[in-house]
Amino acid sequence: MTEIARAQAAYRRDHNCNPEFISTSGDVDVMIDALLAGPKYHNLAMVHSMERSKMPSGFFDHELMVGVNSDLQVGAITFMDETGNHVTVGEPGSREDPVYHLMGHRREFPAECEISIALVREAVKEFISSGGQRPRCVAWKPMEW
């Protein structure tokens, strides 16, 4: 039996036109491991659930951005939908200006948003299994710049 793709992810340049499809929690682990082991400027993934409706424009009505830092063994997640833009809540005193890179393009994150890699994995798996809802296993705060 063929598994149905539940989400699509882009984190390498060749994913622009050919995203990676995610069906299982094992697929999430493969993606996170690839981000951790991959090039320094390719440590952020853009993930969209294929179980949510698209807008009339054809664009997704949501976006999950998943960044990992292999040196520090932390990551950060942003989630955007009609409720607004949110970012994970990290430990007080954690990095002030974390930076991640989506296919070589710099993305700045707000201070104190980084969480453990284990929590990153758990949150992305919850996003996939919930049909693209904002994960509840991590704390969120509104994105403020």
# chains A, B, ... in the order shown; residues from 1 in each chain; ligands from 1
>>> select_by_dssp(residues="chain A", states="helix (DSSP H, G or I)", output="MDAnalysis selection string")
chainID A and resid 13:15 25:37 117:129
>>> residues_around(residues="Ala9 (chain A)", least_positions_apart="3", cutoff="8 Å", atoms="only C-alpha atoms", output="list in words")
His15, Pro19, Glu20, Phe21, Ile22, Ala45, Met46, Val47 and His48 of chain A
>>> residues_around(residues="region 55-64 of chain A", least_positions_apart="2", cutoff="9 Å", atoms="only C-alpha atoms", output="MDAnalysis selection string")
chainID A and resid 45:50 52:53 66 77:82 124 127 132:134
>>> write_last_selection(atoms="N, CA and C atoms", output="CSV table (one decimal), in the first residue's frame")
chain,number,residue,atom,x,y,z
A,45,ALA,N,13.7,24.5,7.2
A,45,ALA,CA,12.8,23.9,6.3
A,45,ALA,C,11.5,24.7,6.3
A,46,MET,N,10.8,24.8,5.2
A,46,MET,CA,9.5,25.3,5.0
A,46,MET,C,8.6,24.1,4.8
A,47,VAL,N,7.6,24.0,5.7
A,47,VAL,CA,6.7,22.8,5.7
A,47,VAL,C,5.3,23.2,5.6
A,48,HIS,N,4.5,22.6,4.7
A,48,HIS,CA,3.1,22.9,4.5
A,48,HIS,C,2.3,21.5,4.6
A,49,SER,N,1.2,21.6,5.3
A,49,SER,CA,0.4,20.4,5.4
A,49,SER,C,-0.4,20.3,4.1
A,50,MET,N,-0.5,19.1,3.5
A,50,MET,CA,-1.3,18.9,2.3
A,50,MET,C,-2.8,18.5,2.7
A,52,ARG,N,-4.7,20.6,4.6
A,52,ARG,CA,-5.4,21.8,4.8
A,52,ARG,C,-5.8,22.4,3.4
A,53,SER,N,-6.9,23.1,3.4
A,53,SER,CA,-7.3,23.7,2.1
A,53,SER,C,-6.4,24.8,1.7
A,66,VAL,N,11.0,25.4,10.2
A,66,VAL,CA,11.7,24.6,11.1
A,66,VAL,C,13.2,24.8,11.0
A,77,ILE,N,11.0,27.2,15.7
A,77,ILE,CA,9.9,26.9,14.8
A,77,ILE,C,9.0,28.2,14.8
A,78,THR,N,8.6,28.6,13.6
A,78,THR,CA,7.6,29.6,13.4
A,78,THR,C,6.4,28.9,12.8
A,79,PHE,N,5.2,29.5,13.1
A,79,PHE,CA,3.9,29.0,12.5
A,79,PHE,C,3.1,30.2,12.1
A,80,MET,N,2.6,30.2,10.9
A,80,MET,CA,1.8,31.3,10.4
A,80,MET,C,0.5,30.7,9.9
A,81,ASP,N,-0.7,31.3,10.3
A,81,ASP,CA,-1.9,31.0,9.6
A,81,ASP,C,-2.8,32.2,9.9
A,82,GLU,N,-4.1,32.0,9.7
A,82,GLU,CA,-5.1,33.2,9.9
A,82,GLU,C,-5.1,33.7,11.3
A,124,VAL,N,7.1,19.0,15.1
A,124,VAL,CA,6.9,18.7,13.6
A,124,VAL,C,6.0,17.5,13.4
A,127,PHE,N,2.5,18.5,14.1
A,127,PHE,CA,2.0,19.2,13.0
A,127,PHE,C,1.5,18.3,11.9
A,132,GLY,N,-1.9,19.7,10.1
A,132,GLY,CA,-1.4,21.0,9.9
A,132,GLY,C,-1.8,22.0,10.9
A,133,GLN,N,-2.2,21.6,12.1
A,133,GLN,CA,-2.5,22.5,13.1
A,133,GLN,C,-1.2,22.9,13.9
A,134,ARG,N,-1.3,24.1,14.6
A,134,ARG,CA,-0.2,24.5,15.4
A,134,ARG,C,0.1,23.6,16.5
>>> select_by_dssp(residues="chain A", states="strand (DSSP E)", output="ChimeraX atom specification")
/A:7-10,20-22,44-49,63-69,74-81,84-88,99-102,105-108,115-116,140-142
>>> atom_distance(atom1="CA of His101 (chain A)", atom2="CA of Ser70 (chain A)")
12.8 Å
>>> atom_distance(atom1="CA of Gln73 (chain A)", atom2="CA of Ile117 (chain A)")
6.0 Å
>>> residues_around(residues="Pro110 (chain A)", least_positions_apart="4", cutoff="9 Å", atoms="only C-alpha atoms", output="PyMOL selection string")
chain A and resi 87+95-99+143-145
>>> write_last_selection(atoms="all heavy atoms", output="PDB file, in the first residue's frame")
ATOM      1  N   VAL A  87       6.025  32.101  17.181  1.00  0.00           N
ATOM      2  CA  VAL A  87       7.354  31.499  17.265  1.00  0.00           C
ATOM      3  C   VAL A  87       7.439  30.745  18.594  1.00  0.00           C
ATOM      4  O   VAL A  87       6.775  31.120  19.567  1.00  0.00           O
ATOM      5  CB  VAL A  87       8.472  32.569  17.148  1.00  0.00           C
ATOM      6  CG1 VAL A  87       8.435  33.553  18.306  1.00  0.00           C
ATOM      7  CG2 VAL A  87       9.836  31.939  16.991  1.00  0.00           C
ATOM      8  N   ARG A  95      19.950  32.492  23.024  1.00  0.00           N
ATOM      9  CA  ARG A  95      20.513  33.408  22.018  1.00  0.00           C
ATOM     10  C   ARG A  95      19.592  34.579  21.682  1.00  0.00           C
ATOM     11  O   ARG A  95      18.394  34.428  21.543  1.00  0.00           O
ATOM     12  CB  ARG A  95      20.819  32.647  20.727  1.00  0.00           C
ATOM     13  CG  ARG A  95      21.990  31.740  20.875  1.00  0.00           C
ATOM     14  CD  ARG A  95      22.592  31.303  19.574  1.00  0.00           C
ATOM     15  NE  ARG A  95      21.653  30.712  18.635  1.00  0.00           N
ATOM     16  CZ  ARG A  95      21.912  30.552  17.345  1.00  0.00           C
ATOM     17  NH1 ARG A  95      23.063  30.947  16.850  1.00  0.00           N
ATOM     18  NH2 ARG A  95      21.043  29.995  16.543  1.00  0.00           N
ATOM     19  N   GLU A  96      20.217  35.737  21.517  1.00  0.00           N
ATOM     20  CA  GLU A  96      19.483  36.968  21.225  1.00  0.00           C
ATOM     21  C   GLU A  96      19.014  37.058  19.781  1.00  0.00           C
ATOM     22  O   GLU A  96      17.911  37.485  19.515  1.00  0.00           O
ATOM     23  CB  GLU A  96      20.351  38.186  21.551  1.00  0.00           C
ATOM     24  CG  GLU A  96      20.517  38.437  23.025  1.00  0.00           C
ATOM     25  CD  GLU A  96      19.214  38.824  23.707  1.00  0.00           C
ATOM     26  OE1 GLU A  96      18.450  39.620  23.148  1.00  0.00           O
ATOM     27  OE2 GLU A  96      18.962  38.295  24.804  1.00  0.00           O
ATOM     28  N   ASP A  97      19.852  36.686  18.848  1.00  0.00           N
ATOM     29  CA  ASP A  97      19.521  36.861  17.437  1.00  0.00           C
ATOM     30  C   ASP A  97      19.811  35.595  16.630  1.00  0.00           C
ATOM     31  O   ASP A  97      20.713  35.576  15.789  1.00  0.00           O
ATOM     32  CB  ASP A  97      20.308  38.032  16.842  1.00  0.00           C
ATOM     33  CG  ASP A  97      19.965  39.345  17.496  1.00  0.00           C
ATOM     34  OD1 ASP A  97      18.765  39.656  17.582  1.00  0.00           O
ATOM     35  OD2 ASP A  97      20.895  40.046  17.928  1.00  0.00           O
ATOM     36  N   PRO A  98      19.056  34.515  16.865  1.00  0.00           N
ATOM     37  CA  PRO A  98      19.334  33.306  16.091  1.00  0.00           C
ATOM     38  C   PRO A  98      19.045  33.528  14.609  1.00  0.00           C
ATOM     39  O   PRO A  98      18.110  34.239  14.243  1.00  0.00           O
ATOM     40  CB  PRO A  98      18.402  32.268  16.688  1.00  0.00           C
ATOM     41  CG  PRO A  98      17.452  32.988  17.555  1.00  0.00           C
ATOM     42  CD  PRO A  98      17.973  34.356  17.799  1.00  0.00           C
ATOM     43  N   VAL A  99      19.882  32.929  13.789  1.00  0.00           N
ATOM     44  CA  VAL A  99      19.736  33.040  12.338  1.00  0.00           C
ATOM     45  C   VAL A  99      19.742  31.634  11.760  1.00  0.00           C
ATOM     46  O   VAL A  99      20.560  30.802  12.129  1.00  0.00           O
ATOM     47  CB  VAL A  99      20.884  33.870  11.708  1.00  0.00           C
ATOM     48  CG1 VAL A  99      20.814  33.848  10.198  1.00  0.00           C
ATOM     49  CG2 VAL A  99      20.855  35.299  12.229  1.00  0.00           C
ATOM     50  N   MET A 143       4.949  36.607  17.074  1.00  0.00           N
ATOM     51  CA  MET A 143       6.197  37.108  16.470  1.00  0.00           C
ATOM     52  C   MET A 143       6.215  38.615  16.629  1.00  0.00           C
ATOM     53  O   MET A 143       5.301  39.299  16.171  1.00  0.00           O
ATOM     54  CB  MET A 143       6.266  36.764  14.979  1.00  0.00           C
ATOM     55  CG  MET A 143       6.504  35.317  14.692  1.00  0.00           C
ATOM     56  SD  MET A 143       8.224  34.850  14.726  1.00  0.00           S
ATOM     57  CE  MET A 143       8.800  35.541  13.213  1.00  0.00           C
ATOM     58  N   GLU A 144       7.233  39.123  17.299  1.00  0.00           N
ATOM     59  CA  GLU A 144       7.409  40.567  17.463  1.00  0.00           C
ATOM     60  C   GLU A 144       8.834  40.913  17.077  1.00  0.00           C
ATOM     61  O   GLU A 144       9.765  40.234  17.464  1.00  0.00           O
ATOM     62  CB  GLU A 144       7.138  40.975  18.910  1.00  0.00           C
ATOM     63  CG  GLU A 144       5.712  40.745  19.330  1.00  0.00           C
ATOM     64  CD  GLU A 144       5.476  41.066  20.793  1.00  0.00           C
ATOM     65  OE1 GLU A 144       6.381  41.598  21.457  1.00  0.00           O
ATOM     66  OE2 GLU A 144       4.368  40.796  21.270  1.00  0.00           O
ATOM     67  N   TRP A 145       9.009  41.955  16.326  1.00  0.00           N
ATOM     68  CA  TRP A 145      10.337  42.354  15.862  1.00  0.00           C
ATOM     69  C   TRP A 145      10.701  43.692  16.433  1.00  0.00           C
ATOM     70  O   TRP A 145      10.044  44.631  16.375  1.00  0.00           O
ATOM     71  CB  TRP A 145      10.409  42.386  14.345  1.00  0.00           C
ATOM     72  CG  TRP A 145      10.173  41.035  13.773  1.00  0.00           C
ATOM     73  CD1 TRP A 145       9.016  40.558  13.232  1.00  0.00           C
ATOM     74  CD2 TRP A 145      11.107  39.962  13.710  1.00  0.00           C
ATOM     75  NE1 TRP A 145       9.178  39.256  12.850  1.00  0.00           N
ATOM     76  CE2 TRP A 145      10.438  38.862  13.114  1.00  0.00           C
ATOM     77  CE3 TRP A 145      12.422  39.807  14.102  1.00  0.00           C
ATOM     78  CZ2 TRP A 145      11.061  37.649  12.899  1.00  0.00           C
ATOM     79  CZ3 TRP A 145      13.030  38.593  13.879  1.00  0.00           C
ATOM     80  CH2 TRP A 145      12.363  37.531  13.284  1.00  0.00           C
TER      81      TRP A 145
END
>>> closest_residue(among="A:Glu126, A:Ile115, A:Cys17, A:Asp27", to="Gly75 (chain A)", atoms="only C-alpha atoms")
A:Ile115
>>> atom_distance(atom1="CA of Asn85 (chain A)", atom2="CA of Gly67 (chain A)")
15.7 Å
>>> residues_around(residues="Met103 (chain A)", least_positions_apart="5", cutoff="9 Å", atoms="only C-alpha atoms", output="number ranges by chain")
A: 10-16, 41-45
>>> closest_residue(among="A:Ala118, A:Val138, A:Met31, A:Ala7", to="Glu51 (chain A)", atoms="only C-alpha atoms")
A:Ala7
>>> closest_residue(among="A:Gly131, A:Gly26, A:Pro39, A:Gly90", to="Gly104 (chain A)", atoms="only C-alpha atoms")
A:Pro39
>>> closest_residue(among="A:Cys113, A:Gly84, A:Leu102, A:Trp140", to="Met65 (chain A)", atoms="only C-alpha atoms")
A:Leu102
